[in-house]
Amino acid sequence: MAALAVLRLAACGVTAPAMVDGFRIQPLPPAKAHFLLHTWSKTAYDARANGFRPQMEATGEMATKLKALAEELPRLAAQANVLGLCERGSMRFDALAEPHASAGERLAKTRLVAALSAGKGSALAFVSEWEERVSIDACVVNPAFLVAGEGAERTLIRHVAREAAAAGVRCVRLLPAFQVEGVGFYEACGFFPVEGGEGELEYRAE
């Protein structure tokens, strides 16, 4: 029965493009996701290297968010590259070298989903689909639009969770990243701490 939940997830159209709150939510092929993440990584690096500038968003706690993105984006870009190489048959998930070998099983179950916009911020999520759950393992935003990116991130993780729940998946988990609002950011999207969940949050239907 649990295996059927994953099949229903694909059948219900969760992978189809959709317009939600002004964002185009769509699956991304690994090659496109890798290019996007690589571009965002360079943007984050350049923004930090340039230091303070008038009217920049990355001040105070937003500077901490930018730092977290600058550290996370290269790792995710590398994972997207691995997904692309495996998709083309150049690599195999069960024969990856570190640092990706320990994540091979998860990467084999991972798809990439984005909430894209022109000038309103964008977000990209790594979503793995297991027998009994769907997991949002990472979600990052365009560092050029940190504030607007928060809206894209909210829209994306809420959409993934709602579509999974509508498909009959009972457990949707999320591994949180740094947010200026803390856990309140995720609670507004329906995600709450899980006892014994090692920092994970779980979706509760809104």
# chains A, B, ... in the order shown; residues from 1 in each chain; ligands from 1
>>> residues_around(residues="A:Ala123", least_positions_apart="4", cutoff="8 Å", atoms="only C-alpha atoms", output="VMD selection string")
chain A and resid 114 to 116 139 to 142 149 152 to 153 156
>>> select_by_dssp(residues="stretch 22-181 of chain A", states="strand (DSSP E or B)", output="JSON, numbers by chain")
{"A": [23, 24, 25, 26, 27, 110, 111, 112, 113, 114, 115, 116, 123, 124, 125, 126, 127, 128, 129, 134, 135, 136, 137, 138, 139, 140, 141, 172, 173, 174]}
>>> write_last_selection(atoms="N, CA, C and O atoms", output="tab-separated table (two decimals), in the first residue's frame")
chain	number	residue	atom	x	y	z
A	23	PHE	N	4.13	32.22	-8.89
A	23	PHE	CA	5.34	31.46	-9.17
A	23	PHE	C	5.00	30.27	-10.08
A	23	PHE	O	3.96	29.64	-9.91
A	24	ARG	N	5.88	30.00	-11.01
A	24	ARG	CA	5.73	28.82	-11.86
A	24	ARG	C	6.45	27.66	-11.19
A	24	ARG	O	7.68	27.65	-11.13
A	25	ILE	N	5.68	26.72	-10.70
A	25	ILE	CA	6.26	25.55	-10.04
A	25	ILE	C	6.39	24.44	-11.06
A	25	ILE	O	5.41	24.05	-11.70
A	26	GLN	N	7.60	23.95	-11.23
A	26	GLN	CA	7.85	22.94	-12.26
A	26	GLN	C	9.04	22.07	-11.90
A	26	GLN	O	9.93	22.48	-11.16
A	27	PRO	N	9.05	20.84	-12.42
A	27	PRO	CA	10.23	19.99	-12.25
A	27	PRO	C	11.36	20.54	-13.12
A	27	PRO	O	11.12	21.13	-14.17
A	110	THR	N	15.58	11.05	-5.79
A	110	THR	CA	15.40	12.50	-5.75
A	110	THR	C	14.99	13.09	-7.08
A	110	THR	O	15.48	12.70	-8.14
A	111	ARG	N	14.06	14.04	-7.01
A	111	ARG	CA	13.72	14.87	-8.15
A	111	ARG	C	13.90	16.33	-7.73
A	111	ARG	O	13.91	16.65	-6.54
A	112	LEU	N	14.03	17.19	-8.70
A	112	LEU	CA	14.27	18.61	-8.45
A	112	LEU	C	13.07	19.42	-8.88
A	112	LEU	O	12.56	19.26	-9.99
A	113	VAL	N	12.59	20.27	-7.98
A	113	VAL	CA	11.40	21.07	-8.24
A	113	VAL	C	11.71	22.52	-7.92
A	113	VAL	O	12.38	22.82	-6.93
A	114	ALA	N	11.22	23.43	-8.76
A	114	ALA	CA	11.52	24.85	-8.56
A	114	ALA	C	10.26	25.69	-8.58
A	114	ALA	O	9.26	25.33	-9.21
A	115	ALA	N	10.32	26.82	-7.89
A	115	ALA	CA	9.31	27.88	-7.97
A	115	ALA	C	10.02	29.07	-8.58
A	115	ALA	O	10.89	29.68	-7.95
A	116	LEU	N	9.68	29.38	-9.82
A	116	LEU	CA	10.41	30.38	-10.59
A	116	LEU	C	9.55	31.61	-10.85
A	116	LEU	O	8.33	31.52	-10.99
A	123	ALA	N	13.02	29.67	-5.97
A	123	ALA	CA	13.50	28.67	-5.03
A	123	ALA	C	13.61	27.32	-5.73
A	123	ALA	O	12.90	27.07	-6.71
A	124	LEU	N	14.49	26.48	-5.23
A	124	LEU	CA	14.68	25.14	-5.80
A	124	LEU	C	14.79	24.14	-4.67
A	124	LEU	O	15.50	24.38	-3.69
A	125	ALA	N	14.07	23.02	-4.81
A	125	ALA	CA	14.06	22.00	-3.75
A	125	ALA	C	14.51	20.65	-4.27
A	125	ALA	O	14.24	20.28	-5.42
A	126	PHE	N	15.20	19.91	-3.40
A	126	PHE	CA	15.55	18.51	-3.64
A	126	PHE	C	14.51	17.68	-2.89
A	126	PHE	O	14.43	17.75	-1.65
A	127	VAL	N	13.72	16.91	-3.62
A	127	VAL	CA	12.62	16.16	-3.01
A	127	VAL	C	12.83	14.67	-3.28
A	127	VAL	O	12.88	14.23	-4.43
A	128	SER	N	12.96	13.88	-2.22
A	128	SER	CA	13.13	12.43	-2.38
A	128	SER	C	11.83	11.73	-2.00
A	128	SER	O	11.14	12.12	-1.06
A	129	GLU	N	11.50	10.70	-2.78
A	129	GLU	CA	10.24	9.97	-2.60
A	129	GLU	C	10.54	8.55	-2.18
A	129	GLU	O	11.16	7.78	-2.92
A	134	VAL	N	7.52	11.34	1.77
A	134	VAL	CA	8.19	12.26	0.85
A	134	VAL	C	9.03	13.19	1.72
A	134	VAL	O	8.58	13.65	2.77
A	135	SER	N	10.26	13.45	1.30
A	135	SER	CA	11.15	14.28	2.09
A	135	SER	C	11.70	15.44	1.27
A	135	SER	O	12.23	15.24	0.18
A	136	ILE	N	11.55	16.66	1.80
A	136	ILE	CA	12.17	17.83	1.19
A	136	ILE	C	13.53	17.97	1.87
A	136	ILE	O	13.64	18.45	2.99
A	137	ASP	N	14.56	17.50	1.18
A	137	ASP	CA	15.88	17.38	1.80
A	137	ASP	C	16.67	18.69	1.78
A	137	ASP	O	17.60	18.86	2.57
A	138	ALA	N	16.31	19.59	0.88
A	138	ALA	CA	16.97	20.90	0.82
A	138	ALA	C	16.09	21.83	0.00
A	138	ALA	O	15.41	21.39	-0.93
A	139	CYS	N	16.12	23.10	0.36
A	139	CYS	CA	15.40	24.11	-0.42
A	139	CYS	C	16.19	25.40	-0.31
A	139	CYS	O	16.45	25.89	0.80
A	140	VAL	N	16.61	25.94	-1.45
A	140	VAL	CA	17.43	27.15	-1.46
A	140	VAL	C	16.79	28.18	-2.39
A	140	VAL	O	15.97	27.86	-3.24
A	141	VAL	N	17.21	29.43	-2.22
A	141	VAL	CA	16.63	30.52	-3.00
A	141	VAL	C	17.72	31.26	-3.77
A	141	VAL	O	18.91	31.14	-3.49
A	172	VAL	N	5.13	13.70	5.23
A	172	VAL	CA	5.96	14.61	4.44
A	172	VAL	C	6.91	15.29	5.41
A	172	VAL	O	6.48	16.02	6.31
A	173	ARG	N	8.20	15.04	5.24
A	173	ARG	CA	9.21	15.60	6.14
A	173	ARG	C	10.01	16.68	5.43
A	173	ARG	O	10.08	16.73	4.20
A	174	LEU	N	10.64	17.53	6.21
A	174	LEU	CA	11.47	18.61	5.68
A	174	LEU	C	12.68	18.80	6.58
A	174	LEU	O	12.54	18.82	7.81
>>> select_by_dssp(residues="chain A", states="helix (DSSP H, G or I)", output="compact mmCIF listing (two decimals) with N, CA and C atoms, in the first residue's frame")
# COMPACT_ATOMS: atom_id res chain seq x y z
N ALA A 2 1.94 1.24 0.79
CA ALA A 2 2.81 2.41 0.84
C ALA A 2 3.45 2.68 -0.51
N ALA A 3 3.81 1.57 -1.22
CA ALA A 3 4.43 1.75 -2.53
C ALA A 3 3.48 2.42 -3.49
N LEU A 4 2.18 2.13 -3.34
CA LEU A 4 1.19 2.73 -4.23
C LEU A 4 1.10 4.23 -4.02
N ALA A 5 1.44 4.70 -2.81
CA ALA A 5 1.36 6.13 -2.54
C ALA A 5 2.32 6.90 -3.44
N VAL A 6 3.52 6.35 -3.65
CA VAL A 6 4.48 7.01 -4.52
C VAL A 6 3.99 7.02 -5.95
N LEU A 7 3.35 5.92 -6.38
CA LEU A 7 2.80 5.87 -7.73
C LEU A 7 1.68 6.89 -7.88
N ARG A 8 0.86 7.05 -6.85
CA ARG A 8 -0.22 8.03 -6.91
C ARG A 8 0.35 9.43 -6.97
N LEU A 9 1.49 9.65 -6.31
CA LEU A 9 2.12 10.97 -6.31
C LEU A 9 2.46 11.39 -7.72
N ALA A 10 3.03 10.47 -8.51
CA ALA A 10 3.36 10.80 -9.89
C ALA A 10 2.11 10.92 -10.73
N ALA A 11 1.12 10.08 -10.46
CA ALA A 11 -0.08 10.07 -11.29
C ALA A 11 -0.96 11.29 -11.07
N PRO A 30 18.09 17.71 -14.18
CA PRO A 30 19.31 17.95 -13.40
C PRO A 30 20.29 18.93 -14.04
N ALA A 31 20.45 18.87 -15.37
CA ALA A 31 21.41 19.77 -16.02
C ALA A 31 21.01 21.23 -15.84
N LYS A 32 19.72 21.52 -15.98
CA LYS A 32 19.24 22.89 -15.81
C LYS A 32 19.37 23.31 -14.35
N ALA A 33 19.04 22.40 -13.43
CA ALA A 33 19.15 22.71 -12.01
C ALA A 33 20.61 22.97 -11.63
N HIS A 34 21.52 22.18 -12.19
CA HIS A 34 22.94 22.37 -11.90
C HIS A 34 23.40 23.75 -12.36
N PHE A 35 22.99 24.16 -13.56
CA PHE A 35 23.37 25.47 -14.07
C PHE A 35 22.81 26.57 -13.17
N LEU A 36 21.54 26.42 -12.75
CA LEU A 36 20.91 27.41 -11.90
C LEU A 36 21.61 27.51 -10.56
N LEU A 37 21.89 26.37 -9.95
CA LEU A 37 22.54 26.36 -8.64
C LEU A 37 23.97 26.90 -8.73
N HIS A 38 24.65 26.57 -9.80
CA HIS A 38 26.01 27.09 -9.99
C HIS A 38 25.98 28.62 -10.13
N THR A 39 25.01 29.12 -10.88
CA THR A 39 24.86 30.58 -11.04
C THR A 39 24.56 31.24 -9.71
N TRP A 40 23.63 30.65 -8.95
CA TRP A 40 23.29 31.21 -7.64
C TRP A 40 24.49 31.16 -6.70
N SER A 41 25.28 30.09 -6.78
CA SER A 41 26.45 29.97 -5.93
C SER A 41 27.44 31.10 -6.21
N LYS A 42 27.65 31.40 -7.47
CA LYS A 42 28.55 32.49 -7.84
C LYS A 42 27.98 33.83 -7.37
N THR A 43 26.66 34.00 -7.49
CA THR A 43 26.01 35.24 -7.04
C THR A 43 26.23 35.43 -5.54
N ALA A 44 26.04 34.36 -4.77
CA ALA A 44 26.22 34.44 -3.31
C ALA A 44 27.66 34.75 -2.96
N TYR A 45 28.59 34.10 -3.65
CA TYR A 45 30.02 34.33 -3.39
C TYR A 45 30.39 35.78 -3.68
N ASP A 46 29.93 36.28 -4.83
CA ASP A 46 30.25 37.66 -5.21
C ASP A 46 29.65 38.67 -4.24
N ALA A 47 28.42 38.40 -3.80
CA ALA A 47 27.75 39.32 -2.87
C ALA A 47 28.52 39.41 -1.56
N ARG A 48 29.02 38.29 -1.07
CA ARG A 48 29.78 38.30 0.18
C ARG A 48 31.15 38.94 -0.02
N ALA A 49 31.75 38.69 -1.19
CA ALA A 49 33.08 39.24 -1.46
C ALA A 49 33.05 40.75 -1.62
N ASN A 50 31.94 41.27 -2.12
CA ASN A 50 31.81 42.72 -2.35
C ASN A 50 31.59 43.51 -1.06
N GLU A 61 20.52 39.74 10.08
CA GLU A 61 20.26 38.30 9.99
C GLU A 61 20.22 37.81 8.55
N MET A 62 19.89 38.71 7.62
CA MET A 62 19.90 38.32 6.21
C MET A 62 21.33 38.02 5.75
N ALA A 63 22.31 38.67 6.37
CA ALA A 63 23.71 38.36 6.05
C ALA A 63 24.04 36.93 6.47
N THR A 64 23.45 36.49 7.59
CA THR A 64 23.63 35.11 8.03
C THR A 64 22.99 34.14 7.04
N LYS A 65 21.83 34.52 6.52
CA LYS A 65 21.17 33.67 5.52
C LYS A 65 22.02 33.58 4.25
N LEU A 66 22.58 34.71 3.83
CA LEU A 66 23.42 34.70 2.65
C LEU A 66 24.64 33.80 2.86
N LYS A 67 25.23 33.86 4.05
CA LYS A 67 26.38 33.01 4.37
C LYS A 67 25.99 31.54 4.30
N ALA A 68 24.81 31.20 4.85
CA ALA A 68 24.35 29.82 4.82
C ALA A 68 24.14 29.35 3.38
N LEU A 69 23.59 30.22 2.55
CA LEU A 69 23.38 29.88 1.14
C LEU A 69 24.72 29.69 0.42
N ALA A 70 25.65 30.57 0.69
CA ALA A 70 26.96 30.49 0.05
C ALA A 70 27.66 29.18 0.38
N GLU A 71 27.39 28.64 1.56
CA GLU A 71 27.99 27.37 1.96
C GLU A 71 27.24 26.17 1.39
N GLU A 72 25.92 26.31 1.24
CA GLU A 72 25.07 25.19 0.82
C GLU A 72 25.00 25.03 -0.69
N LEU A 73 24.99 26.13 -1.43
CA LEU A 73 24.77 26.06 -2.87
C LEU A 73 25.81 25.23 -3.64
N PRO A 74 27.12 25.35 -3.34
CA PRO A 74 28.08 24.51 -4.07
C PRO A 74 27.84 23.01 -3.86
N ARG A 75 27.48 22.63 -2.64
CA ARG A 75 27.21 21.22 -2.35
C ARG A 75 26.01 20.72 -3.14
N LEU A 76 24.96 21.53 -3.21
CA LEU A 76 23.76 21.12 -3.94
C LEU A 76 24.00 21.13 -5.45
N ALA A 77 24.80 22.08 -5.93
CA ALA A 77 25.14 22.09 -7.35
C ALA A 77 25.87 20.80 -7.73
N ALA A 78 26.76 20.35 -6.85
CA ALA A 78 27.49 19.10 -7.09
C ALA A 78 26.54 17.91 -7.12
N GLN A 79 25.55 17.91 -6.22
CA GLN A 79 24.58 16.82 -6.20
C GLN A 79 23.72 16.83 -7.46
N ALA A 80 23.32 18.01 -7.92
CA ALA A 80 22.54 18.10 -9.16
C ALA A 80 23.36 17.58 -10.33
N ASN A 81 24.66 17.85 -10.32
CA ASN A 81 25.54 17.34 -11.37
C ASN A 81 25.59 15.82 -11.35
N VAL A 82 25.65 15.24 -10.15
CA VAL A 82 25.65 13.79 -10.01
C VAL A 82 24.34 13.22 -10.57
N LEU A 83 23.21 13.86 -10.26
CA LEU A 83 21.92 13.40 -10.78
C LEU A 83 21.93 13.38 -12.30
N GLY A 84 22.50 14.43 -12.89
CA GLY A 84 22.56 14.50 -14.34
C GLY A 84 23.44 13.43 -14.93
N LEU A 85 24.60 13.18 -14.33
CA LEU A 85 25.51 12.16 -14.82
C LEU A 85 24.90 10.77 -14.72
N CYS A 86 24.18 10.52 -13.63
CA CYS A 86 23.51 9.22 -13.47
C CYS A 86 22.37 9.08 -14.47
N GLU A 87 21.67 10.16 -14.71
CA GLU A 87 20.57 10.14 -15.68
C GLU A 87 21.09 9.80 -17.08
N PHE A 93 24.28 5.35 -9.17
CA PHE A 93 24.02 5.74 -7.78
C PHE A 93 24.66 4.77 -6.79
N ASP A 94 24.76 3.50 -7.16
CA ASP A 94 25.32 2.51 -6.24
C ASP A 94 26.84 2.40 -6.34
N ALA A 95 27.46 3.29 -7.12
CA ALA A 95 28.91 3.24 -7.26
C ALA A 95 29.53 4.63 -7.17
N ALA A 101 28.75 9.14 -2.00
CA ALA A 101 28.41 7.73 -1.83
C ALA A 101 27.38 7.52 -0.72
N SER A 102 27.56 8.22 0.40
CA SER A 102 26.64 8.04 1.53
C SER A 102 25.25 8.56 1.23
N ALA A 103 25.12 9.39 0.19
CA ALA A 103 23.81 9.93 -0.19
C ALA A 103 23.25 9.24 -1.43
N GLY A 104 23.91 8.17 -1.88
CA GLY A 104 23.51 7.52 -3.12
C GLY A 104 22.07 7.05 -3.14
N GLU A 105 21.63 6.39 -2.06
CA GLU A 105 20.25 5.88 -2.02
C GLU A 105 19.25 7.02 -2.10
N ARG A 106 19.52 8.10 -1.36
CA ARG A 106 18.61 9.25 -1.38
C ARG A 106 18.60 9.91 -2.76
N LEU A 107 19.77 10.11 -3.34
CA LEU A 107 19.84 10.76 -4.64
C LEU A 107 19.11 9.96 -5.71
N ALA A 108 19.13 8.63 -5.59
CA ALA A 108 18.44 7.79 -6.56
C ALA A 108 16.93 8.00 -6.52
N PRO A 143 20.01 33.99 -4.30
CA PRO A 143 20.57 34.94 -3.33
C PRO A 143 20.50 36.39 -3.78
N ALA A 144 20.16 36.64 -5.05
CA ALA A 144 20.00 38.02 -5.52
C ALA A 144 18.68 38.63 -5.06
N PHE A 145 17.76 37.76 -4.57
CA PHE A 145 16.45 38.22 -4.11
C PHE A 145 16.12 37.50 -2.81
N LEU A 146 16.84 37.83 -1.75
CA LEU A 146 16.69 37.10 -0.49
C LEU A 146 15.30 37.23 0.11
N VAL A 147 14.79 38.45 0.17
CA VAL A 147 13.48 38.68 0.78
C VAL A 147 12.38 38.07 -0.08
N ALA A 148 12.39 38.38 -1.37
CA ALA A 148 11.39 37.82 -2.28
C ALA A 148 11.52 36.30 -2.35
N GLY A 149 12.75 35.81 -2.19
CA GLY A 149 12.97 34.37 -2.23
C GLY A 149 12.25 33.63 -1.12
N GLU A 150 12.04 34.30 0.00
CA GLU A 150 11.30 33.66 1.10
C GLU A 150 9.89 33.31 0.65
N GLY A 151 9.28 34.18 -0.15
CA GLY A 151 7.95 33.89 -0.66
C GLY A 151 7.96 32.72 -1.61
N ALA A 152 8.99 32.63 -2.44
CA ALA A 152 9.12 31.50 -3.36
C ALA A 152 9.31 30.20 -2.59
N GLU A 153 10.12 30.25 -1.55
CA GLU A 153 10.38 29.05 -0.75
C GLU A 153 9.12 28.59 -0.04
N ARG A 154 8.39 29.52 0.55
CA ARG A 154 7.13 29.15 1.21
C ARG A 154 6.18 28.49 0.22
N THR A 155 6.02 29.12 -0.94
CA THR A 155 5.10 28.60 -1.95
C THR A 155 5.51 27.21 -2.40
N LEU A 156 6.81 27.00 -2.59
CA LEU A 156 7.30 25.73 -3.10
C LEU A 156 7.11 24.59 -2.10
N ILE A 157 7.55 24.78 -0.86
CA ILE A 157 7.46 23.67 0.09
C ILE A 157 6.01 23.38 0.46
N ARG A 158 5.17 24.41 0.51
CA ARG A 158 3.76 24.19 0.78
C ARG A 158 3.11 23.42 -0.37
N HIS A 159 3.47 23.76 -1.60
CA HIS A 159 2.90 23.09 -2.76
C HIS A 159 3.31 21.62 -2.80
N VAL A 160 4.60 21.34 -2.58
CA VAL A 160 5.08 19.96 -2.57
C VAL A 160 4.33 19.15 -1.51
N ALA A 161 4.18 19.73 -0.32
CA ALA A 161 3.52 19.02 0.78
C ALA A 161 2.04 18.78 0.47
N ARG A 162 1.35 19.78 -0.03
CA ARG A 162 -0.08 19.63 -0.32
C ARG A 162 -0.33 18.61 -1.42
N GLU A 163 0.50 18.64 -2.46
CA GLU A 163 0.33 17.69 -3.55
C GLU A 163 0.60 16.26 -3.07
N ALA A 164 1.61 16.11 -2.23
CA ALA A 164 1.91 14.78 -1.70
C ALA A 164 0.77 14.27 -0.83
N ALA A 165 0.25 15.14 0.04
CA ALA A 165 -0.86 14.76 0.91
C ALA A 165 -2.09 14.40 0.08
N ALA A 166 -2.35 15.18 -0.98
CA ALA A 166 -3.50 14.92 -1.84
C ALA A 166 -3.35 13.59 -2.57
N VAL A 183 11.85 28.76 13.33
CA VAL A 183 10.89 27.70 13.04
C VAL A 183 9.53 28.27 12.64
N GLY A 184 9.25 29.51 13.03
CA GLY A 184 7.99 30.14 12.66
C GLY A 184 7.80 30.23 11.16
N PHE A 185 8.90 30.34 10.42
CA PHE A 185 8.83 30.37 8.95
C PHE A 185 8.17 29.10 8.44
N TYR A 186 8.57 27.95 9.00
CA TYR A 186 8.06 26.67 8.53
C TYR A 186 6.67 26.37 9.10
N GLU A 187 6.41 26.82 10.33
CA GLU A 187 5.09 26.59 10.90
C GLU A 187 4.01 27.27 10.08
>>> closest_residue(among="A:Gly89, A:Arg133, A:Lys109, A:Ser122", to="A:Gly168", atoms="only C-alpha atoms")
A:Arg133
>>> atom_distance(atom1="atom CA of A:Cys171", atom2="atom CA of A:Glu200")
11.8 Å
